[in-house]
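Asks: Enclosed is the structure file run.txt (compact mmCIF, C-alpha atoms).
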# COMPACT_ATOMS: atom_id res chain seq x y z
CA MET A 1 -25.12 14.17 53.55
CA PHE A 2 -22.48 12.26 51.61
CA LEU A 3 -21.67 13.36 48.10
CA SER A 4 -20.08 12.02 44.96
CA ASN A 5 -19.49 12.52 41.28
CA PRO A 6 -21.71 10.25 39.20
CA VAL A 7 -20.26 6.75 39.03
CA ALA A 8 -20.15 5.31 35.50
CA ILE A 9 -20.96 1.62 35.57
CA ASN A 10 -22.13 -1.00 33.10
CA GLN A 11 -21.63 1.16 30.04
CA THR A 12 -20.70 -0.61 26.83
CA PRO A 13 -17.18 -0.19 25.40
CA SER A 14 -16.73 -0.46 21.67
CA GLY A 15 -17.07 -3.96 20.28
CA SER A 16 -18.09 -5.72 23.49
CA ASN A 17 -21.04 -6.85 25.50
CA GLU A 18 -22.03 -4.90 28.60
CA LYS A 19 -18.86 -4.46 30.65
CA ARG A 20 -17.74 -3.01 33.92
CA GLN A 21 -16.73 0.65 33.98
CA VAL A 22 -16.03 2.24 37.35
CA VAL A 23 -15.15 5.77 38.41
CA PRO A 24 -14.07 6.22 42.04
CA PRO A 25 -16.57 8.07 44.24
CA TYR A 26 -15.74 11.69 44.96
CA ILE A 27 -15.30 12.25 48.68
CA SER A 28 -14.34 15.72 49.90
CA GLU A 29 -12.58 16.30 53.22
CA ASP A 30 -15.85 17.54 54.74
CA VAL A 31 -17.68 14.41 53.66
CA ALA A 32 -14.89 12.21 55.03
CA ILE A 33 -15.11 14.00 58.40
CA LYS A 34 -18.88 13.48 58.54
CA LEU A 35 -18.54 9.79 57.72
CA VAL A 36 -15.94 9.22 60.43
CA LYS A 37 -17.99 11.06 63.04
CA LYS A 38 -21.26 9.35 62.16
CA LEU A 39 -20.03 5.78 61.66
CA PHE A 40 -16.98 5.49 63.91
CA GLY A 41 -17.62 8.02 66.68
CA MET A 42 -14.30 9.81 66.17
CA THR A 43 -13.41 13.41 65.37
CA PRO A 44 -10.85 13.82 62.58
CA THR A 45 -8.07 16.37 63.10
CA ARG A 46 -6.37 15.70 59.77
CA VAL A 47 -7.64 14.33 56.45
CA LYS A 48 -5.47 13.54 53.44
CA GLU A 49 -6.42 11.75 50.21
CA LEU A 50 -4.34 8.68 49.31
CA ASN A 51 -3.75 6.99 45.97
CA SER A 52 -6.53 4.71 44.82
CA TYR A 53 -7.52 3.00 41.58
CA GLU A 54 -11.29 2.46 41.74
CA ASP A 55 -12.22 3.44 45.31
CA LYS A 56 -11.50 6.44 47.51
CA ASN A 57 -8.97 6.21 50.36
CA MET A 58 -8.47 8.96 52.94
CA TYR A 59 -5.82 9.09 55.66
CA ILE A 60 -7.40 10.14 58.94
CA GLN A 61 -5.93 11.34 62.22
CA VAL A 62 -8.37 11.74 65.10
CA SER A 63 -8.61 13.49 68.46
CA GLN A 64 -8.12 11.52 71.66
CA VAL A 65 -11.79 11.90 72.59
CA TYR A 66 -14.08 9.35 70.94
CA THR A 67 -17.47 7.72 71.54
CA ASN A 68 -17.11 4.35 69.81
CA PRO A 69 -17.78 1.61 72.41
CA ASN A 70 -16.23 -1.01 70.11
CA VAL A 71 -12.78 0.58 70.03
CA ALA A 72 -10.69 -0.25 73.10
CA GLU A 73 -7.74 1.92 72.13
CA LEU A 74 -7.09 4.42 69.36
CA CYS A 75 -4.50 3.57 66.73
CA SER A 76 -1.65 6.05 67.32
CA GLU A 77 -0.69 5.99 63.63
CA GLY A 78 -4.17 7.00 62.45
CA TYR A 79 -6.66 5.33 60.14
CA VAL A 80 -7.62 4.88 56.50
CA LEU A 81 -11.22 5.59 55.54
CA LYS A 82 -12.17 3.55 52.48
CA VAL A 83 -15.24 4.30 50.36
CA ILE A 84 -15.74 1.45 47.89
CA ASN A 85 -17.09 2.20 44.42
CA SER A 86 -20.79 1.47 43.97
CA GLU A 87 -20.24 -1.57 41.74
CA ASP A 88 -17.99 -3.45 44.17
CA SER A 89 -20.18 -2.31 47.08
CA LYS A 90 -22.78 -4.79 45.83
CA LYS A 91 -20.50 -7.70 46.78
CA ASP A 92 -21.56 -7.76 50.41
CA VAL A 93 -20.38 -11.28 51.24
CA LYS A 94 -17.03 -10.73 49.48
CA ILE A 95 -16.45 -7.62 51.63
CA ASP A 96 -17.15 -9.69 54.74
CA GLY A 97 -14.61 -12.19 53.44
CA GLU A 98 -11.98 -9.47 53.16
CA THR A 99 -12.56 -8.54 56.79
CA ALA A 100 -12.11 -12.15 57.89
CA LEU A 101 -9.02 -12.55 55.69
CA LEU A 102 -7.35 -9.44 57.13
CA GLN A 103 -7.89 -10.77 60.64
CA TYR A 104 -6.71 -14.29 59.68
CA MET A 105 -3.51 -13.08 58.01
CA TYR A 106 -2.69 -10.75 60.91
CA LYS A 107 -3.14 -13.55 63.45
CA ASN A 108 -0.76 -15.69 61.39
CA GLY A 109 2.04 -13.15 61.39
CA ILE A 110 1.41 -11.00 58.31
CA ASN A 111 1.42 -7.30 59.13
CA CYS A 112 -1.67 -5.81 57.45
CA PRO A 113 -4.31 -3.17 58.29
CA GLN A 114 -7.03 -4.23 60.69
CA PRO A 115 -10.72 -3.36 60.19
CA VAL A 116 -12.37 -1.01 62.68
CA MET A 117 -15.89 -1.61 64.00
CA THR A 118 -18.52 1.10 63.66
CA VAL A 119 -20.40 2.45 66.67
CA THR A 120 -23.12 -0.12 65.93
CA GLY A 121 -20.70 -3.06 66.06
CA VAL A 122 -20.24 -3.90 62.36
CA TYR A 123 -17.30 -3.57 59.97
CA LYS A 124 -19.05 -1.89 57.06
CA SER A 125 -21.89 0.50 56.33
CA LEU A 126 -23.70 1.11 53.04
CA GLU A 127 -24.10 4.87 52.61
CA LYS A 128 -25.75 7.16 50.09
CA ILE A 129 -23.04 9.09 48.24
CA TYR A 130 -24.66 12.05 46.52
CA ALA A 131 -23.70 13.52 43.18
CA LYS A 132 -22.94 17.07 44.26
CA ASP A 133 -22.30 19.27 47.28
CA THR A 134 -24.80 21.74 48.56
CA ALA A 135 -23.84 24.93 50.31
CA ASP A 136 -25.74 24.20 53.53
CA GLY A 137 -24.78 20.54 53.77
CA SER A 138 -28.35 19.31 53.48
CA GLU A 139 -29.47 16.40 51.30
CA ILE A 140 -31.37 17.13 48.11
CA CYS A 141 -33.76 14.28 47.36
CA GLU A 142 -33.63 14.70 43.61
CA THR A 143 -29.84 14.68 43.50
CA PRO A 144 -28.47 11.44 41.99
CA PHE A 145 -26.62 9.23 44.42
CA SER A 146 -24.73 5.95 44.57
CA LEU A 147 -24.75 3.37 47.34
CA CYS A 148 -21.18 2.86 48.50
CA MET A 149 -19.79 0.67 51.25
CA VAL A 150 -17.75 2.57 53.83
CA ARG A 151 -15.07 0.94 55.97
CA MET A 152 -12.14 2.05 58.13
CA TYR A 153 -8.81 0.39 58.87
CA THR A 154 -5.84 0.99 61.10
CA PHE A 155 -3.01 2.79 59.30
CA LEU A 156 0.30 0.98 58.86
CA PRO A 157 3.42 3.19 59.08
CA GLY A 158 6.20 2.86 56.55
CA LYS A 159 7.15 3.75 53.00
CA ILE A 160 5.58 2.09 50.03
CA ILE A 161 8.35 0.10 48.39
CA TYR A 162 7.79 2.05 45.15
CA GLU A 163 9.69 4.93 46.79
CA VAL A 164 12.96 3.03 47.39
CA PRO A 165 15.43 1.15 45.15
CA TYR A 166 14.52 -2.49 44.50
CA THR A 167 17.61 -4.32 45.68
CA PRO A 168 17.91 -8.10 45.28
CA THR A 169 17.41 -8.41 49.05
CA LEU A 170 14.12 -6.51 48.95
CA LEU A 171 12.93 -8.50 45.93
CA TYR A 172 13.72 -11.71 47.82
CA GLN A 173 11.79 -10.46 50.87
CA CYS A 174 8.80 -9.51 48.72
CA GLY A 175 8.80 -12.93 47.12
CA LYS A 176 8.93 -14.55 50.55
CA LEU A 177 6.00 -12.44 51.81
CA CYS A 178 3.99 -13.37 48.71
CA GLY A 179 4.80 -17.04 49.32
CA THR A 180 3.73 -16.79 52.96
CA PHE A 181 0.44 -15.19 51.93
CA ASP A 182 -0.26 -17.90 49.35
CA ARG A 183 0.69 -20.71 51.75
CA LEU A 184 -1.72 -19.37 54.36
CA GLY A 185 -4.35 -18.68 51.69
CA LYS A 186 -4.52 -22.36 50.75
CA ASP A 187 -6.10 -23.08 54.15
CA PHE A 188 -8.44 -20.07 54.35
CA HIS A 189 -12.12 -20.53 53.61
CA HIS A 190 -15.02 -18.07 53.68
CA PRO A 191 -18.28 -17.84 51.67
CA GLY A 192 -17.02 -14.59 50.19
CA TYR A 193 -14.25 -16.49 48.40
CA ASP A 194 -16.13 -19.67 47.61
CA GLY A 195 -18.94 -18.06 45.61
CA PRO A 196 -19.11 -16.38 42.19
CA TYR A 197 -18.22 -12.91 43.50
CA MET A 198 -14.99 -12.58 41.49
CA ASP A 199 -15.85 -14.75 38.48
CA ASP A 200 -16.27 -11.68 36.25
CA TRP A 201 -13.44 -9.69 37.85
CA LEU A 202 -11.47 -8.17 34.98
CA TRP A 203 -8.32 -7.98 37.08
CA SER A 204 -8.25 -11.74 37.58
CA LEU A 205 -5.72 -13.40 35.26
CA ALA A 206 -8.31 -16.13 34.77
CA ASN A 207 -10.33 -13.58 32.77
CA ILE A 208 -7.50 -12.57 30.43
CA ASN A 209 -9.69 -13.46 27.41
CA GLU A 210 -11.86 -10.43 28.16
CA LEU A 211 -9.04 -8.03 27.30
CA VAL A 212 -9.94 -8.22 23.61
CA ASN A 213 -12.95 -6.04 24.44
CA TYR A 214 -10.72 -3.25 25.78
CA VAL A 215 -7.74 -3.04 23.42
CA HIS A 216 -9.49 -0.24 21.52
CA ALA A 217 -8.31 2.07 24.30
CA ILE A 218 -4.65 1.45 23.35
CA ASN A 219 -3.37 4.08 20.93
CA ASP A 220 -0.35 2.21 19.51
CA GLU A 221 -1.15 -0.62 17.08
CA LYS A 222 2.12 -2.40 17.92
CA HIS A 223 1.06 -2.46 21.55
CA VAL A 224 -2.29 -3.94 20.56
CA GLU A 225 -0.51 -6.71 18.63
CA LEU A 226 1.72 -7.37 21.65
CA VAL A 227 -1.29 -7.76 23.96
CA LEU A 228 -3.15 -10.03 21.54
CA SER A 229 -0.12 -12.29 21.11
CA VAL A 230 0.14 -12.79 24.87
CA ILE A 231 -3.58 -13.52 25.17
CA GLN A 232 -3.23 -16.16 22.48
CA GLU A 233 -0.29 -17.85 24.20
CA PHE A 234 -2.02 -17.74 27.61
CA LYS A 235 -5.06 -19.47 26.12
CA ALA A 236 -2.90 -22.07 24.40
CA LYS A 237 -0.42 -22.86 27.19
CA VAL A 238 -1.85 -21.85 30.58
CA GLN A 239 -5.60 -22.44 30.46
CA PRO A 240 -5.39 -26.11 29.37
CA LYS A 241 -3.21 -26.82 32.45
CA TYR A 242 -5.38 -25.22 35.13
CA SER A 243 -6.01 -28.63 36.72
CA LYS A 244 -2.29 -28.98 37.47
CA LEU A 245 -2.00 -25.62 39.25
CA GLN A 246 -2.36 -25.09 43.01
CA LYS A 247 -5.26 -22.94 44.19
CA GLY A 248 -6.05 -20.92 47.28
CA VAL A 249 -6.99 -17.41 48.34
CA ILE A 250 -4.43 -15.09 46.73
CA HIS A 251 -3.77 -11.38 47.19
CA GLY A 252 -4.34 -10.65 43.51
CA ASP A 253 -2.56 -7.28 43.49
CA PHE A 254 0.81 -7.88 45.12
CA ASN A 255 2.42 -4.78 43.61
CA ASP A 256 4.92 -2.10 44.59
CA GLN A 257 2.18 0.28 45.73
CA ASN A 258 0.83 -2.25 48.24
CA ILE A 259 4.06 -3.35 49.97
CA LEU A 260 5.49 -1.35 52.87
CA VAL A 261 9.12 -1.09 53.92
CA GLN A 262 10.86 0.44 56.92
CA GLN A 263 14.39 1.73 57.37
CA LYS A 264 16.94 -0.57 58.90
CA PRO A 265 19.42 0.95 61.39
CA LEU A 266 22.11 2.73 59.39
CA GLN A 267 25.43 0.90 59.59
CA SER A 268 28.06 3.31 58.38
CA THR A 269 31.32 1.75 57.23
CA LYS A 270 34.15 2.86 54.99
CA CYS A 271 32.55 0.93 52.14
CA ASN A 272 28.85 1.47 52.69
CA ASN A 273 26.77 4.18 54.31
CA LYS A 274 23.65 3.72 52.19
CA GLN A 275 20.25 3.46 53.84
CA GLU A 276 18.81 -0.06 53.72
CA TYR A 277 15.18 -1.12 54.00
CA ALA A 278 13.23 -4.21 55.01
CA VAL A 279 9.71 -5.29 54.00
CA CYS A 280 7.29 -4.68 56.87
CA GLY A 281 3.69 -4.98 55.67
CA ILE A 282 1.11 -5.43 52.95
CA LEU A 283 -1.93 -3.32 52.01
CA ASP A 284 -5.17 -3.47 50.02
CA PHE A 285 -7.09 -6.75 50.08
CA GLY A 286 -9.64 -5.51 47.55
CA HIS A 287 -8.41 -7.84 44.78
CA THR A 288 -8.13 -10.93 46.97
CA GLN A 289 -9.77 -13.93 45.36
CA ARG A 290 -9.65 -17.70 45.17
CA GLY A 291 -7.29 -18.41 42.30
CA HIS A 292 -4.14 -20.14 41.13
CA SER A 293 -1.18 -19.45 43.40
CA ILE A 294 1.28 -18.81 40.55
CA PHE A 295 -0.87 -15.86 39.49
CA ASP A 296 0.17 -14.03 42.67
CA ILE A 297 3.93 -14.28 42.24
CA SER A 298 3.58 -13.60 38.50
CA ILE A 299 1.62 -10.42 39.17
CA SER A 300 4.23 -9.31 41.69
CA ILE A 301 7.16 -9.99 39.37
CA MET A 302 5.52 -7.93 36.64
CA TYR A 303 5.03 -4.80 38.76
CA PHE A 304 8.51 -4.89 40.26
CA MET A 305 10.00 -5.25 36.80
CA CYS A 306 8.44 -1.93 35.79
CA GLU A 307 10.44 0.10 38.32
CA SER A 308 13.59 -2.02 38.62
CA ARG A 309 16.62 0.23 38.23
CA VAL A 310 19.16 -1.59 40.40
CA ILE A 311 19.07 -4.82 38.40
CA ASP A 312 17.95 -5.79 34.90
CA PRO A 313 14.12 -6.05 34.95
CA ASN A 314 14.32 -9.46 33.27
CA LEU A 315 16.22 -10.76 36.32
CA VAL A 316 13.64 -9.62 38.87
CA GLY A 317 11.75 -12.91 38.63
CA GLY A 318 14.76 -14.94 39.76
CA HIS A 319 15.20 -13.02 43.02
CA MET A 320 11.48 -12.94 43.82
CA LEU A 321 11.06 -16.65 43.12
CA ALA A 322 14.02 -17.39 45.40
CA GLY A 323 12.07 -15.86 48.29
CA TYR A 324 8.72 -17.28 47.21
CA LEU A 325 10.04 -20.85 47.07
CA THR A 326 11.08 -20.73 50.74
CA GLU A 327 7.36 -20.70 51.57
CA MET A 328 5.60 -22.29 48.59
CA GLU A 329 6.63 -25.22 46.44
CA LEU A 330 6.00 -25.02 42.70
CA ASN A 331 5.68 -28.04 40.46
CA ASP A 332 7.41 -28.20 37.07
CA VAL A 333 4.27 -27.14 35.18
CA GLU A 334 3.81 -24.08 37.39
CA PHE A 335 7.42 -22.97 37.02
CA GLU A 336 7.20 -23.36 33.25
CA LEU A 337 4.09 -21.16 33.03
CA ILE A 338 5.24 -18.22 35.17
CA ARG A 339 6.80 -16.38 32.22
CA VAL A 340 3.51 -16.38 30.30
CA CYS A 341 1.57 -15.36 33.44
CA VAL A 342 3.95 -12.43 33.99
CA ALA A 343 3.40 -11.30 30.41
CA ALA A 344 -0.37 -11.73 30.82
CA ARG A 345 -0.35 -9.32 33.77
CA PHE A 346 1.62 -6.82 31.68
CA ALA A 347 -1.08 -7.07 29.02
CA GLN A 348 -3.88 -6.84 31.56
CA SER A 349 -2.49 -3.92 33.56
CA LEU A 350 -1.50 -1.80 30.57
CA THR A 351 -4.75 -2.42 28.67
CA LEU A 352 -7.11 -1.80 31.58
CA GLY A 353 -5.02 1.16 32.71
CA ALA A 354 -5.48 2.79 29.30
CA PHE A 355 -9.19 1.97 29.30
CA ASN A 356 -9.86 3.28 32.81
CA HIS A 357 -7.87 6.43 32.08
CA SER A 358 -10.15 7.08 29.10
CA LEU A 359 -13.03 7.14 31.61
CA ASN A 360 -11.21 9.26 34.19
CA PRO A 361 -8.53 11.25 32.32
CA THR A 362 -7.58 13.39 35.33
CA ASN A 363 -6.39 10.37 37.35
CA ASP A 364 -2.80 9.89 36.22
CA TYR A 365 -2.35 7.14 38.84
CA LEU A 366 -4.13 4.92 36.31
CA LEU A 367 -1.17 5.31 33.93
CA LEU A 368 1.54 4.62 36.49
CA THR A 369 2.43 1.23 35.01
CA ALA A 370 2.46 2.59 31.44
CA LYS A 371 5.33 4.98 32.20
CA ASN A 372 7.91 2.21 31.78
CA GLY A 373 5.67 -0.77 31.24
CA TRP A 374 5.34 -1.02 27.47
CA VAL A 375 9.09 -0.92 26.82
CA ILE A 376 9.85 -3.49 29.54
CA PHE A 377 6.92 -5.68 28.47
CA ASP A 378 8.08 -5.75 24.85
CA ARG A 379 11.68 -6.54 25.78
CA PHE A 380 10.62 -9.32 28.18
CA TRP A 381 8.29 -10.96 25.68
CA LYS A 382 10.87 -10.89 22.87
CA GLN A 383 13.54 -12.64 24.93
CA LYS A 384 13.62 -16.39 24.32
CA PRO A 385 11.78 -18.41 27.01
CA GLU A 386 14.79 -20.67 27.60
CA GLU A 387 16.97 -17.62 28.26
CA ILE A 388 14.57 -16.26 30.87
CA ASP A 389 14.28 -19.69 32.46
CA GLY A 390 18.03 -20.18 32.51
CA LYS A 391 18.75 -16.80 34.11
CA TRP A 392 16.08 -17.29 36.78
CA ARG A 393 17.35 -20.78 37.66
CA GLU A 394 20.92 -19.47 37.90
CA ILE A 395 19.75 -16.84 40.41
CA LEU A 396 17.85 -19.49 42.38
CA GLN A 397 21.03 -21.54 42.66
CA SER A 398 22.91 -18.51 44.01
CA TYR A 399 20.63 -18.45 47.07
CA LYS A 400 21.35 -22.08 48.00
Can you present the structure in this file as structure tokens?
Replies:
Amino acid sequence: MFLSNPVAINQTPSGSNEKRQVVPPYISEDVAIKLVKKLFGMTPTRVKELNSYEDKNMYIQVSQVYTNPNVAELCSEGYVLKVINSEDSKKDVKIDGETALLQYMYKNGINCPQPVMTVTGVYKSLEKIYAKDTADGSEICETPFSLCMVRMYTFLPGKIIYEVPYTPTLLYQCGKLCGTFDRLGKDFHHPGYDGPYMDDWLWSLANINELVNYVHAINDEKHVELVLSVIQEFKAKVQPKYSKLQKGVIHGDFNDQNILVQQKPLQSTKCNNKQEYAVCGILDFGHTQRGHSIFDISISIMYFMCESRVIDPNLVGGHMLAGYLTEMELNDVEFELIRVCVAARFAQSLTLGAFNHSLNPTNDYLLLTAKNGWVIFDRFWKQKPEEIDGKWREILQSYK
């Protein structure tokens, strides 16, 4: 039996048509153990819940004895069990696309988790996730349930970059990794990315117009005005120029919670004995989509700005673009529009974070961006565009 809290979907927020509302499925340690045993033929020895926005992620270590004929060798670092929310679990072909994309990126040199086959030789399984536990572990037919897709991936070791200082070198490396992903994504094709599976995805910058239906969740009227002003400028300046923007499969959520770093060997000198880090991997392909390439680097710049304490947040874009441009060329129109796209992601992340937190008020992870985001967003948007552009171009020149 696999259990869950009720998942709230397709309810109607104030002042809008029917819109997506998702609460992550509840998965206890016992349920996670049963899923791993049943689907993957492994026996967990350790289970730990990981951060997640709309799904449920569990870190799993397993015993050396297993019965899965499709696993040649156990991953020594462990695994991540992912239970997708019931709404996204309906996108069967898109989920297959994510599997293919993970394998494609890994084969082309990007370090990312690899999907694990079930005992029946597939990469996903749709499971009933029930609404409450029962003492004896039996299923109760009348208990409400959701259908959720279950998958498992190899675990990548390292720190999430959120836990270390964002030096110019790390920002450059992140930009370069984003550029490599987007360059490879231009040549990747799969039915899961060529269909309408992400057309209504609220987290796509292409759907920024939909934010007007969610601003009621923002408590500060000045913040509402800020969001609406960015939406207006995005509609006026970015959308009319879509035909001039490069497209491909993009990561869609290239943020500081999804990038891994590892320690570099400590080189102690009289002047410097600080620990340094290098980017070593990327996580979470759940927001991958076919979209405009500049959306990816803009999204990334926005999130790294929120936690930038080593350099001025408004300078983050220059260092990240320096790395990005080693892998991806941008035309003049694209470069001009990045500032507005960065601001659009601020508006999107902060608005939807407030809205989703209103649905799930115990999940403070949903407000992570808001901790510093509103202040940095406001300051960035008030600075003159030519000043931002000038500072970024000056940084770009320093790398040549």
Asks: One decimal, in Å: what's the spacing between CA of His223 in chain A and CA of Pro385 in chain A?
Replies: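 We find that CA of His223 in chain A and CA of Pro385 in chain A lie 20.0 Å from each other.
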Asks: List as a CSV table (one decimal) with C-alpha atoms, in the frame of the given file the residues having at least one atom at most 10 Å from position (16.8, -5.4, 44.6) as given in the file, counting only C-alpha atoms.
Replies:
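Final output, saved to point-v4.csv:
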chain,number,residue,atom,x,y,z
A,164,VAL,CA,13.0,3.0,47.4
A,165,PRO,CA,15.4,1.2,45.2
A,166,TYR,CA,14.5,-2.5,44.5
A,167,THR,CA,17.6,-4.3,45.7
A,168,PRO,CA,17.9,-8.1,45.3
A,169,THR,CA,17.4,-8.4,49.0
A,170,LEU,CA,14.1,-6.5,49.0
A,171,LEU,CA,12.9,-8.5,45.9
A,172,TYR,CA,13.7,-11.7,47.8
A,173,GLN,CA,11.8,-10.5,50.9
A,174,CYS,CA,8.8,-9.5,48.7
A,304,PHE,CA,8.5,-4.9,40.3
A,308,SER,CA,13.6,-2.0,38.6
A,309,ARG,CA,16.6,0.2,38.2
A,310,VAL,CA,19.2,-1.6,40.4
A,311,ILE,CA,19.1,-4.8,38.4
A,312,ASP,CA,18.0,-5.8,34.9
A,315,LEU,CA,16.2,-10.8,36.3
A,316,VAL,CA,13.6,-9.6,38.9
A,319,HIS,CA,15.2,-13.0,43.0
A,320,MET,CA,11.5,-12.9,43.8
Asks: Find the distance between CA of Ile301 in chain A and CA of Arg183 in chain A and write it in Å to one decimal.
Replies: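 For CA of Ile301 in chain A relative to CA of Arg183 in chain A, the distance reads 17.6 Å.
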Asks: Excluding Val83 in chain A and residues on its chain fewer than 2 positions from it, collect all residues at most 7 Å away from it, counting only C-alpha atoms, and give them as a list in words.
Replies: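 Selected residues are Asp55, Lys56, Asn57, Leu81, Asn85, Cys148, Met149, Val150 and Arg151 of chain A.
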Asks: Mind writing the picked residues with C-alpha atoms as a CSV table (one decimal), in the frame of the given file?
Replies:
chain,number,residue,atom,x,y,z
A,55,ASP,CA,-12.2,3.4,45.3
A,56,LYS,CA,-11.5,6.4,47.5
A,57,ASN,CA,-9.0,6.2,50.4
A,81,LEU,CA,-11.2,5.6,55.5
A,85,ASN,CA,-17.1,2.2,44.4
A,148,CYS,CA,-21.2,2.9,48.5
A,149,MET,CA,-19.8,0.7,51.2
A,150,VAL,CA,-17.8,2.6,53.8
A,151,ARG,CA,-15.1,0.9,56.0
Asks: So which residues touch range 292-300 of chain A within 10 Å, counting only C-alpha atoms, skipping near sequence neighbours fewer than 5 positions away, as number ranges by chain?
Replies: A: 171, 174-179, 181-183, 185-186, 204-206, 242-256, 305, 316-317, 320-321, 324, 328, 330, 334-335, 337-346, 349
Asks: Find the residue from A:Val261, A:Leu102, A:Ile395, A:Ala322 that sits nearest to Cys280 in chain A; use all atoms listed in the file when measuring.
Replies: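 Closest residue, counting all atoms listed in the file: A:Val261.
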Asks: Kindly indicate which residue among A:Asp187, A:Gln239, A:Pro25, A:Phe285 lies nearest to Leu147 in chain A, using all atoms listed in the file for the distances.
Replies: A:Pro25
Asks: Just the number, please: distance in Å from CA of Leu228 in chain A to CA of Asn209 in chain A, one decimal.
Replies: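 The value is 9.4 Å.
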Asks: Using only C-alpha atoms, find the one residue out of A:Gln348, A:Asn314, A:Asp378, A:Val116 that sits nearest to Glu210 in chain A.
Replies: A:Gln348
Asks: Considering all atoms listed in the file, state which residue in the set A:Ile282, A:Leu396, A:Leu156, A:Ile376 is at the smallest distance from Cys75 in chain A.
Replies: A:Leu156
Asks: Using all atoms listed in the file, can you tell me which of A:Pro313, A:Pro24, A:Gly390, A:Gly41 comes closest to Ser63 in chain A?
Replies: A:Gly41
Asks: Could you give me, as number ranges by chain, the residues within 10 Å of Arg46 in chain A, counting all atoms listed in the file and dropping anything in the same chain fewer than 2 positions from it?
Replies: A: 29, 33, 43-44, 48, 58-63, 78
Asks: Pick out the residues sitting within 10 Å of Trp374 in chain A, and hand them over as a PyMOL selection string; count only C-alpha atoms, and ignore anything fewer than 4 positions along from it in its own chain.
Replies: chain A and resi 223+226+306+346-347+350+369-370+378-380
Asks: Would you save range 86-97 of chain A from the block above with N, CA and C atoms, as a PDB file, in the first residue's frame?
Replies:
ATOM      1  N   SER A  86       0.559  14.020  -8.805  1.00  0.00           N
ATOM      2  CA  SER A  86      -0.421  13.348  -9.664  1.00  0.00           C
ATOM      3  C   SER A  86      -0.717  14.116 -10.947  1.00  0.00           C
ATOM      4  N   GLU A  87      -0.609  15.447 -10.913  1.00  0.00           N
ATOM      5  CA  GLU A  87      -0.888  16.237 -12.102  1.00  0.00           C
ATOM      6  C   GLU A  87       0.177  16.018 -13.172  1.00  0.00           C
ATOM      7  N   ASP A  88       1.448  16.125 -12.791  1.00  0.00           N
ATOM      8  CA  ASP A  88       2.531  15.927 -13.753  1.00  0.00           C
ATOM      9  C   ASP A  88       2.691  14.460 -14.139  1.00  0.00           C
ATOM     10  N   SER A  89       2.179  13.556 -13.306  1.00  0.00           N
ATOM     11  CA  SER A  89       2.247  12.128 -13.631  1.00  0.00           C
ATOM     12  C   SER A  89       1.413  11.769 -14.853  1.00  0.00           C
ATOM     13  N   LYS A  90       0.509  12.668 -15.240  1.00  0.00           N
ATOM     14  CA  LYS A  90      -0.312  12.423 -16.432  1.00  0.00           C
ATOM     15  C   LYS A  90       0.475  12.611 -17.727  1.00  0.00           C
ATOM     16  N   LYS A  91       1.624  13.270 -17.639  1.00  0.00           N
ATOM     17  CA  LYS A  91       2.416  13.600 -18.834  1.00  0.00           C
ATOM     18  C   LYS A  91       3.389  12.459 -19.127  1.00  0.00           C
ATOM     19  N   ASP A  92       2.831  11.345 -19.525  1.00  0.00           N
ATOM     20  CA  ASP A  92       3.594  10.112 -19.699  1.00  0.00           C
ATOM     21  C   ASP A  92       4.719  10.275 -20.722  1.00  0.00           C
ATOM     22  N   VAL A  93       4.419  10.842 -21.868  1.00  0.00           N
ATOM     23  CA  VAL A  93       5.422  10.975 -22.930  1.00  0.00           C
ATOM     24  C   VAL A  93       6.507  11.975 -22.523  1.00  0.00           C
ATOM     25  N   LYS A  94       6.137  13.034 -21.812  1.00  0.00           N
ATOM     26  CA  LYS A  94       7.119  14.010 -21.326  1.00  0.00           C
ATOM     27  C   LYS A  94       8.089  13.338 -20.357  1.00  0.00           C
ATOM     28  N   ILE A  95       7.587  12.468 -19.499  1.00  0.00           N
ATOM     29  CA  ILE A  95       8.453  11.762 -18.545  1.00  0.00           C
ATOM     30  C   ILE A  95       9.422  10.860 -19.291  1.00  0.00           C
ATOM     31  N   ASP A  96       8.957  10.205 -20.343  1.00  0.00           N
ATOM     32  CA  ASP A  96       9.859   9.406 -21.180  1.00  0.00           C
ATOM     33  C   ASP A  96      10.929  10.293 -21.806  1.00  0.00           C
ATOM     34  N   GLY A  97      10.533  11.501 -22.198  1.00  0.00           N
ATOM     35  CA  GLY A  97      11.487  12.442 -22.769  1.00  0.00           C
ATOM     36  C   GLY A  97      12.574  12.821 -21.784  1.00  0.00           C
TER      37      GLY A  97
END
